[in-house]
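Student: To start, I am sharing the structure in question, which I have written as structure tokens.
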Amino acid sequence: MSKSLAMRYSGLFVLLIVGVLNLAGWAYMNRSIEPRPWGEVISGFDYTPFRGDQDPRNNKFPSEAEIEHDMQILSGQVRQIRTYSTLDGQGEIAKIAGRYGLEVMQGSWLDGRLERNEEEIKNLIELAATHDNIRRVLVGNETLLRADMPIQDLVEYIRRVRTGLANRGKHVEVSTPETWDVWLRYPQLGREVDFIAIHLLPYWEGQAPDKAVEYSLSRYQQVKDAFPTKKVVITEIGWPSEGRTRRDAVPSPTTQAAFLRAFLNIANQRGLDYYVQEAFDQPWKRNIEGSVGAYWGVFNADRTPKFPMTGPVSDRPHWPQLAAASILLALPLMAWFLARWADLRFSGRTFFIALIQIITSALVMVVDSGLRTYMSPGIALMWAMLLPLLLLLFMVVLAEGLELSEVIWASRRQRHFLPFRTDVERNWPKVSIHIPAYNEPPEMLKRTLDALNRLDYPNFEVMLIDNNTKDEKVWRPVEEYCRTHLDPEKFRFFHVSPLKGFKAGALNFALRNMAKDVEIVGVIDADYLVEPDWLKSLVPYFDRADIGFVQAPQDHYDWKDDTFKEFINWEYAGFFQIGMVQRNERDAIIQHGTMTLVRKAAIEHVGPWAEWCICEDAEMGLRLLAGGWHSVYTDKRYGYGLTPDSFSGYKSQRFRWAYGAVQIIKRHWRDMLPGDERKLDAMQRYHFVTGWLPWFADALGLIFAIASLAWTVGVLILPKYFELPLALFLLPVVAVFGAKLAQFLWLYKIRVPCSLRQRLGAGLAGLALTYTIAKAMLFGLFTSTLPFIRTPKHEDQAAVVQAFIMAQEETLIAVLLLLAGIGMWNFQGGEDPEARLWAIVMWAQSMPYWASLILAFISTAPKPPSKTAAIPAATPDDAASQGSPAQ
């Protein structure tokens, strides 16, 4: 069997295995239960006629035709119904119910609105007097529980109703409904009513579903024992199908079905008089009782039954269709992956195919949950905020997962470049090395020039462009050093002021003034010390006429004996030894503005450095690739620079990179779209888009953190209007954290030669930049220009108090998230495990902001006496002298 055929069959086998596991997962999560069946007529239903888009508070009431449709549905399934008001169209219910042989326990609503109370009482007497199917009436509803009036006032209303009915010659039983505990608290109320109307809702008391029926019946018996001469009618008993968990009470379709089917059978055996809460879902109640208030119905708001009264019950009875949809949604991405990454080992393909399936299944679950949710404006706003974050975070997880698969399970590197032999006699093209500088320390620049002077290359020039440095004491010594200590034919110093365009302006000045016979342009930062074999090792790659630029990694030499610099050094290293290596596999590397070599003809083809862009190096690299040129990346180090001296310097550097990325995207977004393969090919577009996705995820994460704070305040202060997000929305947050953890602990271990302590330090440093990157991305989206932010290299040591100053915004957010989590845990966590989960999420969100403060403190810690750092010696692998041109 050929290798390609074997790969194809193995790919199909992976798809089959993952598909079967996906189906098994759906089946397990939606496994059914089969409570005791119920096939009899229900004694009574609580009935409120409002439909999904109707709300009495907004004067949106049901029509008589809609009420009649409800009675048609209930007829034959129930003997009697209970109502809650005589107003808002509910006064017509008794008349319509009578046509279908349904008895009515007519309710009235009493609260602090005295005029409305009078109207309710008047209508209640009139309805009971004129409709024979009204055998009982209820005066108010949980009036004492809500403390809407004192008991004396409620008793007076009860007496007025009884007197009014007696005057009309009508004998109707009169009561008022309250929870069981209110009846026990006010035994005198029992003397005023004809029967005891109790509400038994074990969900609100946090009872476990499997104990709720037994608990309810024990409370029923307790009230019955307290009023031995009175008939006890259960006017509300039920269980919600959705909503927040309350202690041990878990609402779901299966727990609702199990509760009701168990209770109905027991009630039938004992001859109980009861009304199930309630017939139809009432979405408008979520703003009164919270999310759970919308889901007490046995029928959905669209009048479809939620579950059967016989046979098995599942929370998602349509799960096979959902599972099939998740597979169909994943298949195109899976097929694309298998076609593009055929060289991955079986384990790598299985891992990533499984990751695709998990993510698509999670998306299908979220969408299904959304479709089953009654959307209020607040809930719709929450979904609108969370869904984009969810999608972006899932994309980040996929991108990180693909990188993980490639690093760990790739069969072989496609483009592995080694340095050329440096002792080969050949024609060496002229290289012009450009060093832009602004207000740089003279001694540092002298060291940079001395290292260039030691280059083992026969044909090069160096142009140092000092742009806009005002203090002559800074740039004059460097000019003098070039004149007196270096070959003026090779080393040229320019002080240009004024010069627009910042670093790009300086580089373009060098392009205009370099020697005419230059073929290759090199760029290094002002602090870089290059190895003597830099040019001889990399220039031969330009023998291929289509190579536009050759890039070597950045590295640093001043980090030893300094914990802060050690951590950020290894954070940088991850990009150059993991990200850039993987991008190089697809000829999609990011050009960075030091240790880069660019063909002069390529610059002339695509145009000079972009003076509008704060990251002119990455922008130039993108234009070169889009212009049809190819790139080479070698992971061998040929130069070493300085790390930022403080956390503020570290932040300003990353802010510039992130802000520049947004500038590039805004200018070149068309190049990222599928279509013209003569520009960027599919994999180049993929790497450029996914390379910046984590930064956009940080931006959305900041928005989410701020929104979470506001939302938490709303949940704590106005719980009826704000509810906690779905737990499913927490999945991508956990997944992204897991992806970052895998990168620093797993990928670093494979690709980056550092200790566990250094890996953890790199992870801390990367996490500490989350807020800076997020702010830069948001600034970049909504602004077009930003002043150039120079990375400080030789800052004075900061005092400990300055750690707070350097991380003051991050510290504020961290403290607010901490306090919000504490508030949620203390005020709602005792009753609601979802509130505790949300509190944990708030604390998890605070971690990047605490990381900023910790790293700021580390950067201010006392350091050993300053000394000139040595350039790291080359390792035996780095010193390899054999190689081949770019493949």
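FYI, nothing fancy with the structure tokens labels: chains A, B, ... in order, residues from 1 per chain, ligands from 1 as they appear.
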Might you pull out every residue within 7 Å of A:Pro429, with only C-alpha atoms counted and same-chain residues fewer than 2 positions away left off, and present them as an NGL selection string?

Tutor: :A and (427 or 431 or 459 or 519)

Student: Please, could you write that set of residues out with N, CA, C and O atoms as a short mmCIF file (atom, residue, chain, number, x, y, z; two decimals), in the first residue's frame?

Tutor:
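The resulting again22.cif:
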data_model
loop_
_atom_site.label_atom_id
_atom_site.label_comp_id
_atom_site.auth_asym_id
_atom_site.auth_seq_id
_atom_site.Cartn_x
_atom_site.Cartn_y
_atom_site.Cartn_z
N ASN A 427 31.69 34.82 -4.53
CA ASN A 427 31.41 36.24 -4.70
C ASN A 427 30.45 36.68 -3.60
O ASN A 427 29.35 36.15 -3.48
N VAL A 431 26.62 44.36 1.40
CA VAL A 431 25.55 44.49 2.39
C VAL A 431 25.67 45.85 3.05
O VAL A 431 26.77 46.26 3.46
N ASN A 459 32.60 42.55 2.25
CA ASN A 459 31.97 43.59 1.44
C ASN A 459 30.73 44.13 2.14
O ASN A 459 29.61 43.72 1.86
N GLU A 519 23.46 45.30 -2.55
CA GLU A 519 22.46 44.33 -3.00
C GLU A 519 21.58 43.83 -1.85
O GLU A 519 20.45 43.39 -2.09
#

Student: Per DSSP on the backbone, what are the strand (DSSP E or B) residues of stretch 463-502 of chain A, as a ChimeraX atom specification?

Tutor: /A:463-467,491-496

Student: Residues of the last selection are to be written out with all heavy atoms, as a compact mmCIF listing (two decimals), in the first residue's frame.

Tutor:
# COMPACT_ATOMS: atom_id res chain seq x y z
N MET A 463 25.73 52.04 8.35
CA MET A 463 25.18 53.40 8.41
C MET A 463 24.43 53.56 9.73
O MET A 463 23.43 52.89 9.97
CB MET A 463 24.24 53.64 7.23
CG MET A 463 24.90 53.44 5.87
SD MET A 463 23.72 53.71 4.52
CE MET A 463 23.41 55.46 4.68
N LEU A 464 24.95 54.43 10.59
CA LEU A 464 24.29 54.72 11.86
C LEU A 464 23.56 56.05 11.70
O LEU A 464 24.19 57.08 11.48
CB LEU A 464 25.32 54.78 12.98
CG LEU A 464 24.77 54.67 14.41
CD1 LEU A 464 25.87 54.26 15.38
CD2 LEU A 464 24.13 55.96 14.91
N ILE A 465 22.24 56.01 11.80
CA ILE A 465 21.42 57.21 11.60
C ILE A 465 20.86 57.64 12.94
O ILE A 465 19.95 57.01 13.49
CB ILE A 465 20.27 56.95 10.60
CG1 ILE A 465 20.82 56.45 9.27
CG2 ILE A 465 19.45 58.21 10.40
CD1 ILE A 465 20.89 54.94 9.18
N ASP A 466 21.42 58.68 13.50
CA ASP A 466 20.90 59.26 14.73
C ASP A 466 19.84 60.28 14.33
O ASP A 466 20.14 61.32 13.74
CB ASP A 466 22.02 59.94 15.52
CG ASP A 466 21.50 60.55 16.81
OD1 ASP A 466 21.45 59.84 17.82
OD2 ASP A 466 21.10 61.74 16.78
N ASN A 467 18.58 59.98 14.67
CA ASN A 467 17.50 60.86 14.23
C ASN A 467 16.89 61.60 15.41
O ASN A 467 16.38 61.01 16.35
CB ASN A 467 16.41 60.07 13.49
CG ASN A 467 15.80 58.98 14.33
OD1 ASN A 467 16.51 58.23 14.98
ND2 ASN A 467 14.48 58.88 14.33
N PHE A 491 32.15 52.69 7.83
CA PHE A 491 31.27 53.15 8.89
C PHE A 491 30.94 54.62 8.68
O PHE A 491 31.83 55.47 8.70
CB PHE A 491 31.93 52.95 10.27
CG PHE A 491 32.02 51.50 10.67
CD1 PHE A 491 33.06 50.70 10.21
CD2 PHE A 491 31.06 50.93 11.50
CE1 PHE A 491 33.15 49.37 10.57
CE2 PHE A 491 31.16 49.60 11.88
CZ PHE A 491 32.19 48.81 11.41
N ARG A 492 29.65 54.90 8.49
CA ARG A 492 29.22 56.29 8.27
C ARG A 492 28.18 56.67 9.33
O ARG A 492 27.24 55.92 9.59
CB ARG A 492 28.63 56.44 6.87
CG ARG A 492 29.66 56.26 5.76
CD ARG A 492 29.11 56.73 4.42
NE ARG A 492 28.10 55.80 3.89
CZ ARG A 492 27.23 56.12 2.94
NH1 ARG A 492 27.19 57.36 2.47
NH2 ARG A 492 26.38 55.22 2.48
N PHE A 493 28.40 57.85 9.90
CA PHE A 493 27.50 58.36 10.94
C PHE A 493 26.71 59.54 10.39
O PHE A 493 27.27 60.43 9.74
CB PHE A 493 28.31 58.80 12.17
CG PHE A 493 27.45 59.41 13.25
CD1 PHE A 493 26.89 58.60 14.24
CD2 PHE A 493 27.20 60.77 13.29
CE1 PHE A 493 26.11 59.16 15.23
CE2 PHE A 493 26.40 61.32 14.27
CZ PHE A 493 25.86 60.52 15.26
N PHE A 494 25.38 59.54 10.65
CA PHE A 494 24.52 60.64 10.22
C PHE A 494 23.70 61.11 11.41
O PHE A 494 23.03 60.31 12.08
CB PHE A 494 23.56 60.20 9.11
CG PHE A 494 24.22 59.70 7.87
CD1 PHE A 494 24.62 58.37 7.76
CD2 PHE A 494 24.45 60.56 6.79
CE1 PHE A 494 25.22 57.91 6.60
CE2 PHE A 494 25.05 60.10 5.65
CZ PHE A 494 25.44 58.77 5.54
N HIS A 495 23.75 62.39 11.67
CA HIS A 495 22.83 62.99 12.63
C HIS A 495 21.85 63.81 11.83
O HIS A 495 22.22 64.79 11.17
CB HIS A 495 23.56 63.88 13.65
CG HIS A 495 22.61 64.67 14.51
ND1 HIS A 495 21.81 64.09 15.47
CD2 HIS A 495 22.32 66.00 14.53
CE1 HIS A 495 21.06 65.02 16.04
NE2 HIS A 495 21.36 66.19 15.49
N VAL A 496 20.58 63.40 11.85
CA VAL A 496 19.55 64.04 11.03
C VAL A 496 18.47 64.59 11.94
O VAL A 496 17.84 63.85 12.69
CB VAL A 496 18.94 63.05 10.02
CG1 VAL A 496 18.03 63.78 9.05
CG2 VAL A 496 20.02 62.29 9.28

Student: Grab the atom CA of A:Ala27 to atom CA of A:Ser369 distance for me, in Å with one decimal place.

Tutor: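 Atom CA of A:Ala27 sits 16.8 Å away from atom CA of A:Ser369.
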
Student: Tell me which protein, DNA and RNA residues are within 10 Å of A:Leu718, counting only C-alpha atoms, leaving out same-chain ones fewer than 6 positions away, and put them as a compact mmCIF listing (two decimals) with N, CA, C and O atoms, in the first residue's frame.

Tutor:
# COMPACT_ATOMS: atom_id res chain seq x y z
N ASN A 287 -37.99 38.53 35.06
CA ASN A 287 -37.59 39.80 35.66
C ASN A 287 -38.18 40.00 37.05
O ASN A 287 -37.91 41.01 37.70
N GLY A 290 -36.21 36.06 38.67
CA GLY A 290 -34.95 35.59 38.11
C GLY A 290 -35.21 34.62 36.98
O GLY A 290 -36.35 34.34 36.61
N TRP A 711 -21.60 43.39 35.42
CA TRP A 711 -22.67 42.40 35.51
C TRP A 711 -22.78 41.84 36.93
O TRP A 711 -23.90 41.60 37.42
N THR A 712 -21.65 41.64 37.59
CA THR A 712 -21.68 41.13 38.95
C THR A 712 -22.37 42.10 39.89
O THR A 712 -23.16 41.71 40.75

Student: Need to verify the contact set: A:Arg349, 12 Å, only C-alpha atoms, exclusion of same-chain residues closer than 2 positions in sequence. Can you return it as a PDB file with N, CA and C atoms, in the first residue's frame?

Tutor:
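What follows is the written file result14.pdb:
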ATOM      1  N   MET A   7      -2.055   7.004   4.489  1.00  0.00           N
ATOM      2  CA  MET A   7      -2.421   8.219   5.221  1.00  0.00           C
ATOM      3  C   MET A   7      -3.916   8.502   5.089  1.00  0.00           C
ATOM      4  N   ARG A   8      -4.453   8.251   3.885  1.00  0.00           N
ATOM      5  CA  ARG A   8      -5.867   8.507   3.665  1.00  0.00           C
ATOM      6  C   ARG A   8      -6.723   7.583   4.534  1.00  0.00           C
ATOM      7  N   SER A  10      -5.781   6.052   7.279  1.00  0.00           N
ATOM      8  CA  SER A  10      -5.601   6.385   8.692  1.00  0.00           C
ATOM      9  C   SER A  10      -6.406   7.623   9.060  1.00  0.00           C
ATOM     10  N   GLY A  11      -6.516   8.572   8.115  1.00  0.00           N
ATOM     11  CA  GLY A  11      -7.337   9.762   8.355  1.00  0.00           C
ATOM     12  C   GLY A  11      -8.802   9.399   8.509  1.00  0.00           C
ATOM     13  N   LEU A  12      -9.295   8.516   7.654  1.00  0.00           N
ATOM     14  CA  LEU A  12     -10.677   8.062   7.766  1.00  0.00           C
ATOM     15  C   LEU A  12     -10.913   7.330   9.074  1.00  0.00           C
ATOM     16  N   PHE A  13      -9.900   6.571   9.497  1.00  0.00           N
ATOM     17  CA  PHE A  13     -10.027   5.856  10.769  1.00  0.00           C
ATOM     18  C   PHE A  13     -10.118   6.837  11.936  1.00  0.00           C
ATOM     19  N   VAL A  14      -9.311   7.901  11.880  1.00  0.00           N
ATOM     20  CA  VAL A  14      -9.370   8.929  12.924  1.00  0.00           C
ATOM     21  C   VAL A  14     -10.755   9.563  12.955  1.00  0.00           C
ATOM     22  N   LEU A  15     -11.285   9.916  11.783  1.00  0.00           N
ATOM     23  CA  LEU A  15     -12.619  10.517  11.717  1.00  0.00           C
ATOM     24  C   LEU A  15     -13.666   9.587  12.312  1.00  0.00           C
ATOM     25  N   ILE A  17     -13.225   7.134  14.559  1.00  0.00           N
ATOM     26  CA  ILE A  17     -13.045   7.007  16.011  1.00  0.00           C
ATOM     27  C   ILE A  17     -13.580   8.246  16.727  1.00  0.00           C
ATOM     28  N   VAL A  18     -13.208   9.424  16.237  1.00  0.00           N
ATOM     29  CA  VAL A  18     -13.642  10.666  16.882  1.00  0.00           C
ATOM     30  C   VAL A  18     -15.156  10.815  16.774  1.00  0.00           C
ATOM     31  N   MET A 334     -12.122  19.445   9.609  1.00  0.00           N
ATOM     32  CA  MET A 334     -11.347  18.214   9.757  1.00  0.00           C
ATOM     33  C   MET A 334     -10.709  17.801   8.430  1.00  0.00           C
ATOM     34  N   ALA A 335     -11.512  17.875   7.352  1.00  0.00           N
ATOM     35  CA  ALA A 335     -10.993  17.484   6.036  1.00  0.00           C
ATOM     36  C   ALA A 335      -9.859  18.406   5.611  1.00  0.00           C
ATOM     37  N   TRP A 336     -10.017  19.698   5.850  1.00  0.00           N
ATOM     38  CA  TRP A 336      -8.962  20.667   5.521  1.00  0.00           C
ATOM     39  C   TRP A 336      -7.692  20.348   6.299  1.00  0.00           C
ATOM     40  N   PHE A 337      -7.860  20.049   7.566  1.00  0.00           N
ATOM     41  CA  PHE A 337      -6.699  19.734   8.394  1.00  0.00           C
ATOM     42  C   PHE A 337      -5.994  18.476   7.893  1.00  0.00           C
ATOM     43  N   LEU A 338      -6.747  17.422   7.629  1.00  0.00           N
ATOM     44  CA  LEU A 338      -6.133  16.168   7.194  1.00  0.00           C
ATOM     45  C   LEU A 338      -5.415  16.327   5.859  1.00  0.00           C
ATOM     46  N   ALA A 339      -5.962  17.179   4.985  1.00  0.00           N
ATOM     47  CA  ALA A 339      -5.327  17.389   3.688  1.00  0.00           C
ATOM     48  C   ALA A 339      -4.044  18.200   3.822  1.00  0.00           C
ATOM     49  N   ARG A 340      -4.038  19.185   4.711  1.00  0.00           N
ATOM     50  CA  ARG A 340      -2.890  20.083   4.838  1.00  0.00           C
ATOM     51  C   ARG A 340      -1.799  19.520   5.743  1.00  0.00           C
ATOM     52  N   TRP A 341      -2.183  18.705   6.709  1.00  0.00           N
ATOM     53  CA  TRP A 341      -1.218  18.226   7.689  1.00  0.00           C
ATOM     54  C   TRP A 341      -1.103  16.700   7.619  1.00  0.00           C
ATOM     55  N   ALA A 342      -0.944  16.205   6.406  1.00  0.00           N
ATOM     56  CA  ALA A 342      -0.840  14.756   6.222  1.00  0.00           C
ATOM     57  C   ALA A 342       0.435  14.183   6.837  1.00  0.00           C
ATOM     58  N   ASP A 343       1.448  15.054   7.069  1.00  0.00           N
ATOM     59  CA  ASP A 343       2.721  14.553   7.588  1.00  0.00           C
ATOM     60  C   ASP A 343       2.712  14.381   9.106  1.00  0.00           C
ATOM     61  N   LEU A 344       1.633  14.794   9.782  1.00  0.00           N
ATOM     62  CA  LEU A 344       1.579  14.605  11.229  1.00  0.00           C
ATOM     63  C   LEU A 344       1.426  13.127  11.559  1.00  0.00           C
ATOM     64  N   ARG A 345       2.011  12.746  12.659  1.00  0.00           N
ATOM     65  CA  ARG A 345       1.854  11.370  13.103  1.00  0.00           C
ATOM     66  C   ARG A 345       0.410  11.119  13.528  1.00  0.00           C
ATOM     67  N   PHE A 346       0.054   9.854  13.638  1.00  0.00           N
ATOM     68  CA  PHE A 346      -1.322   9.463  13.936  1.00  0.00           C
ATOM     69  C   PHE A 346      -1.815  10.129  15.225  1.00  0.00           C
ATOM     70  N   SER A 347      -0.952  10.178  16.236  1.00  0.00           N
ATOM     71  CA  SER A 347      -1.348  10.776  17.525  1.00  0.00           C
ATOM     72  C   SER A 347      -1.690  12.247  17.361  1.00  0.00           C
ATOM     73  N   PHE A 351      -5.327  13.892  18.026  1.00  0.00           N
ATOM     74  CA  PHE A 351      -5.483  14.957  19.016  1.00  0.00           C
ATOM     75  C   PHE A 351      -6.219  16.160  18.428  1.00  0.00           C
ATOM     76  N   PHE A 352      -5.781  16.625  17.254  1.00  0.00           N
ATOM     77  CA  PHE A 352      -6.371  17.850  16.725  1.00  0.00           C
ATOM     78  C   PHE A 352      -7.782  17.607  16.180  1.00  0.00           C
ATOM     79  N   ILE A 353      -8.024  16.462  15.566  1.00  0.00           N
ATOM     80  CA  ILE A 353      -9.376  16.145  15.104  1.00  0.00           C
ATOM     81  C   ILE A 353     -10.330  16.098  16.303  1.00  0.00           C
ATOM     82  N   ALA A 354      -9.871  15.501  17.403  1.00  0.00           N
ATOM     83  CA  ALA A 354     -10.696  15.457  18.615  1.00  0.00           C
ATOM     84  C   ALA A 354     -10.947  16.858  19.154  1.00  0.00           C
ATOM     85  N   LEU A 355      -9.925  17.715  19.092  1.00  0.00           N
ATOM     86  CA  LEU A 355     -10.096  19.093  19.562  1.00  0.00           C
ATOM     87  C   LEU A 355     -11.129  19.827  18.719  1.00  0.00           C
ATOM     88  N   ILE A 356     -11.073  19.668  17.402  1.00  0.00           N
ATOM     89  CA  ILE A 356     -12.078  20.281  16.520  1.00  0.00           C
ATOM     90  C   ILE A 356     -13.470  19.805  16.901  1.00  0.00           C
ATOM     91  N   GLY A 401      -3.841  24.689  19.623  1.00  0.00           N
ATOM     92  CA  GLY A 401      -3.836  23.238  19.535  1.00  0.00           C
ATOM     93  C   GLY A 401      -3.116  22.737  18.296  1.00  0.00           C
ATOM     94  N   LEU A 402      -3.289  23.461  17.186  1.00  0.00           N
ATOM     95  CA  LEU A 402      -2.594  23.067  15.957  1.00  0.00           C
ATOM     96  C   LEU A 402      -1.083  23.236  16.118  1.00  0.00           C
ATOM     97  N   GLU A 403      -0.677  24.333  16.735  1.00  0.00           N
ATOM     98  CA  GLU A 403       0.749  24.535  16.977  1.00  0.00           C
ATOM     99  C   GLU A 403       1.296  23.433  17.882  1.00  0.00           C
ATOM    100  N   LEU A 404       0.527  23.077  18.903  1.00  0.00           N
ATOM    101  CA  LEU A 404       0.940  21.998  19.792  1.00  0.00           C
ATOM    102  C   LEU A 404       1.097  20.699  19.016  1.00  0.00           C
ATOM    103  N   SER A 405       0.147  20.414  18.139  1.00  0.00           N
ATOM    104  CA  SER A 405       0.210  19.176  17.349  1.00  0.00           C
ATOM    105  C   SER A 405       1.451  19.159  16.461  1.00  0.00           C
ATOM    106  N   GLU A 406       1.722  20.293  15.813  1.00  0.00           N
ATOM    107  CA  GLU A 406       2.861  20.348  14.900  1.00  0.00           C
ATOM    108  C   GLU A 406       4.183  20.189  15.649  1.00  0.00           C
ATOM    109  N   ILE A 408       4.791  18.764  18.574  1.00  0.00           N
ATOM    110  CA  ILE A 408       4.999  17.489  19.257  1.00  0.00           C
ATOM    111  C   ILE A 408       4.984  16.310  18.297  1.00  0.00           C
ATOM    112  N   TRP A 409       4.080  16.362  17.298  1.00  0.00           N
ATOM    113  CA  TRP A 409       3.852  15.157  16.509  1.00  0.00           C
ATOM    114  C   TRP A 409       4.219  15.283  15.026  1.00  0.00           C
ATOM    115  N   ALA A 410       4.886  16.362  14.634  1.00  0.00           N
ATOM    116  CA  ALA A 410       5.288  16.464  13.233  1.00  0.00           C
ATOM    117  C   ALA A 410       6.292  15.366  12.903  1.00  0.00           C
ATOM    118  N   SER A 411       6.099  14.727  11.735  1.00  0.00           N
ATOM    119  CA  SER A 411       7.023  13.663  11.337  1.00  0.00           C
ATOM    120  C   SER A 411       8.419  14.218  11.086  1.00  0.00           C
TER     121      SER A 411
END

Student: May I ask for the distance between atom CA of A:Ile237 and atom CA of A:Asp832, given in Å to one decimal place?

Tutor: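 So the answer is 21.4 Å.
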
Student: Within 12 Å of A:Glu173, counting only C-alpha atoms, which residues show up once you throw out same-chain ones fewer than 6 positions away? Write them as an MDAnalysis selection string, please.

Tutor: chainID A and resid 104:107 125 128:129 134:139 158:159 161:163 165:166 192:197 230:231 233

Student: Do a neighbour search on A:Leu693 at 10 Å with only C-alpha atoms, toss out local chain neighbours closer than 3 positions, and write the hits as a list of chain:residue names.

Tutor: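 Counting only C-alpha atoms, the residues come to A:Leu392, A:Leu393, A:Met395, A:Val396, A:Val397, A:Ala399, A:His687, A:Phe688, A:Val689, A:Thr690, A:Phe696, A:Ala697, A:Asp698, A:Ala699.
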
Student: Output the selection as an mmCIF file, in the first residue's frame - N, CA and C atoms for each residue.

Tutor:
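File written: selection-v4.cif
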data_model
loop_
_atom_site.group_PDB
_atom_site.id
_atom_site.type_symbol
_atom_site.label_atom_id
_atom_site.label_comp_id
_atom_site.auth_asym_id
_atom_site.auth_seq_id
_atom_site.Cartn_x
_atom_site.Cartn_y
_atom_site.Cartn_z
ATOM 1 N N LEU A 392 -14.106 33.711 19.325
ATOM 2 C CA LEU A 392 -12.702 34.078 19.195
ATOM 3 C C LEU A 392 -11.817 33.192 20.069
ATOM 4 N N LEU A 393 -12.262 32.935 21.287
ATOM 5 C CA LEU A 393 -11.464 32.099 22.174
ATOM 6 C C LEU A 393 -11.367 30.671 21.645
ATOM 7 N N MET A 395 -11.357 29.908 18.499
ATOM 8 C CA MET A 395 -10.387 29.987 17.406
ATOM 9 C C MET A 395 -8.968 30.013 17.943
ATOM 10 N N VAL A 396 -8.765 30.732 19.048
ATOM 11 C CA VAL A 396 -7.438 30.768 19.673
ATOM 12 C C VAL A 396 -7.038 29.368 20.146
ATOM 13 N N VAL A 397 -7.974 28.656 20.762
ATOM 14 C CA VAL A 397 -7.682 27.308 21.240
ATOM 15 C C VAL A 397 -7.322 26.398 20.067
ATOM 16 N N ALA A 399 -6.027 27.325 17.156
ATOM 17 C CA ALA A 399 -4.705 27.719 16.658
ATOM 18 C C ALA A 399 -3.597 27.214 17.577
ATOM 19 N N HIS A 687 -1.507 31.836 9.049
ATOM 20 C CA HIS A 687 -0.561 32.159 10.119
ATOM 21 C C HIS A 687 -0.624 33.629 10.517
ATOM 22 N N PHE A 688 -0.843 34.510 9.554
ATOM 23 C CA PHE A 688 -0.936 35.915 9.930
ATOM 24 C C PHE A 688 -2.201 36.190 10.735
ATOM 25 N N VAL A 689 -3.308 35.563 10.372
ATOM 26 C CA VAL A 689 -4.549 35.778 11.117
ATOM 27 C C VAL A 689 -4.460 35.147 12.501
ATOM 28 N N THR A 690 -4.077 33.878 12.560
ATOM 29 C CA THR A 690 -4.043 33.203 13.866
ATOM 30 C C THR A 690 -2.903 33.696 14.739
ATOM 31 N N PHE A 696 -6.095 39.698 20.011
ATOM 32 C CA PHE A 696 -7.490 40.131 19.984
ATOM 33 C C PHE A 696 -8.279 39.450 21.105
ATOM 34 N N ALA A 697 -7.929 38.208 21.404
ATOM 35 C CA ALA A 697 -8.579 37.521 22.521
ATOM 36 C C ALA A 697 -8.289 38.239 23.835
ATOM 37 N N ASP A 698 -7.063 38.759 23.998
ATOM 38 C CA ASP A 698 -6.752 39.542 25.190
ATOM 39 C C ASP A 698 -7.620 40.794 25.262
ATOM 40 N N ALA A 699 -7.837 41.432 24.109
ATOM 41 C CA ALA A 699 -8.678 42.635 24.077
ATOM 42 C C ALA A 699 -10.106 42.303 24.488
#

Student: Extract, using only C-alpha atoms, all DNA, RNA and protein residues at most 10 Å from A:Thr594, discarding same-chain residues fewer than 2 positions from it, and format them as an MDAnalysis selection string.

Tutor: chainID A and resid 434:435 522:528 551:554 591:592 596:597 617 639:641

Student: Using backbone DSSP assignments, extract all alpha helix (DSSP H) residues from stretch 17-85 of chain A; output them as a list in words.

Tutor: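 Selection result, alpha helix (DSSP H) within stretch 17-85 of chain A: Ile17, Val18, Gly19, Val20, Leu21, Asn22, Leu23, Ala24, Gly25, Trp26, Ala27, Tyr28, Met29, Glu64, Ala65, Glu66, Ile67, Glu68, His69, Asp70, Met71, Gln72, Ile73 and Leu74 of chain A.
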
Student: Between A:Ile433, A:Ile665, A:Leu673, A:Val752, which one has atoms that come closest to A:Ile578, using only C-alpha atoms?

Tutor: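 Checking each candidate against A:Ile578, we get A:Val752 as the closest.
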
Student: Of the candidates A:Tyr572, A:Trp428, A:Tyr638, A:Trp475, which one gets nearest to A:Trp534 if we count only C-alpha atoms?

Tutor: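 Nearest to A:Trp534: A:Tyr638.
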
Student: Do you have the atom CA of A:Pro540-atom CA of A:Gly505 distance handy?

Tutor: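 Taking atom CA of A:Pro540 as the start and atom CA of A:Gly505 as the end point, the length is 28.7 Å.
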
Student: Between A:Asp487, A:Arg836, A:Met777, A:Met806, which one has atoms that come closest to A:Gln663, using only C-alpha atoms?

Tutor: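 Going through A:Asp487, A:Arg836, A:Met777, A:Met806 one by one, the smallest distance to A:Gln663 is for A:Met777.
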
Student: For each of A:Ile547, A:Ala682, A:Ala267, A:Ala301, take the minimum atom-to-atom distance to A:Trp629, counting only C-alpha atoms, then give the residue where this is smallest.

Tutor: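 Closest candidate: A:Ile547.
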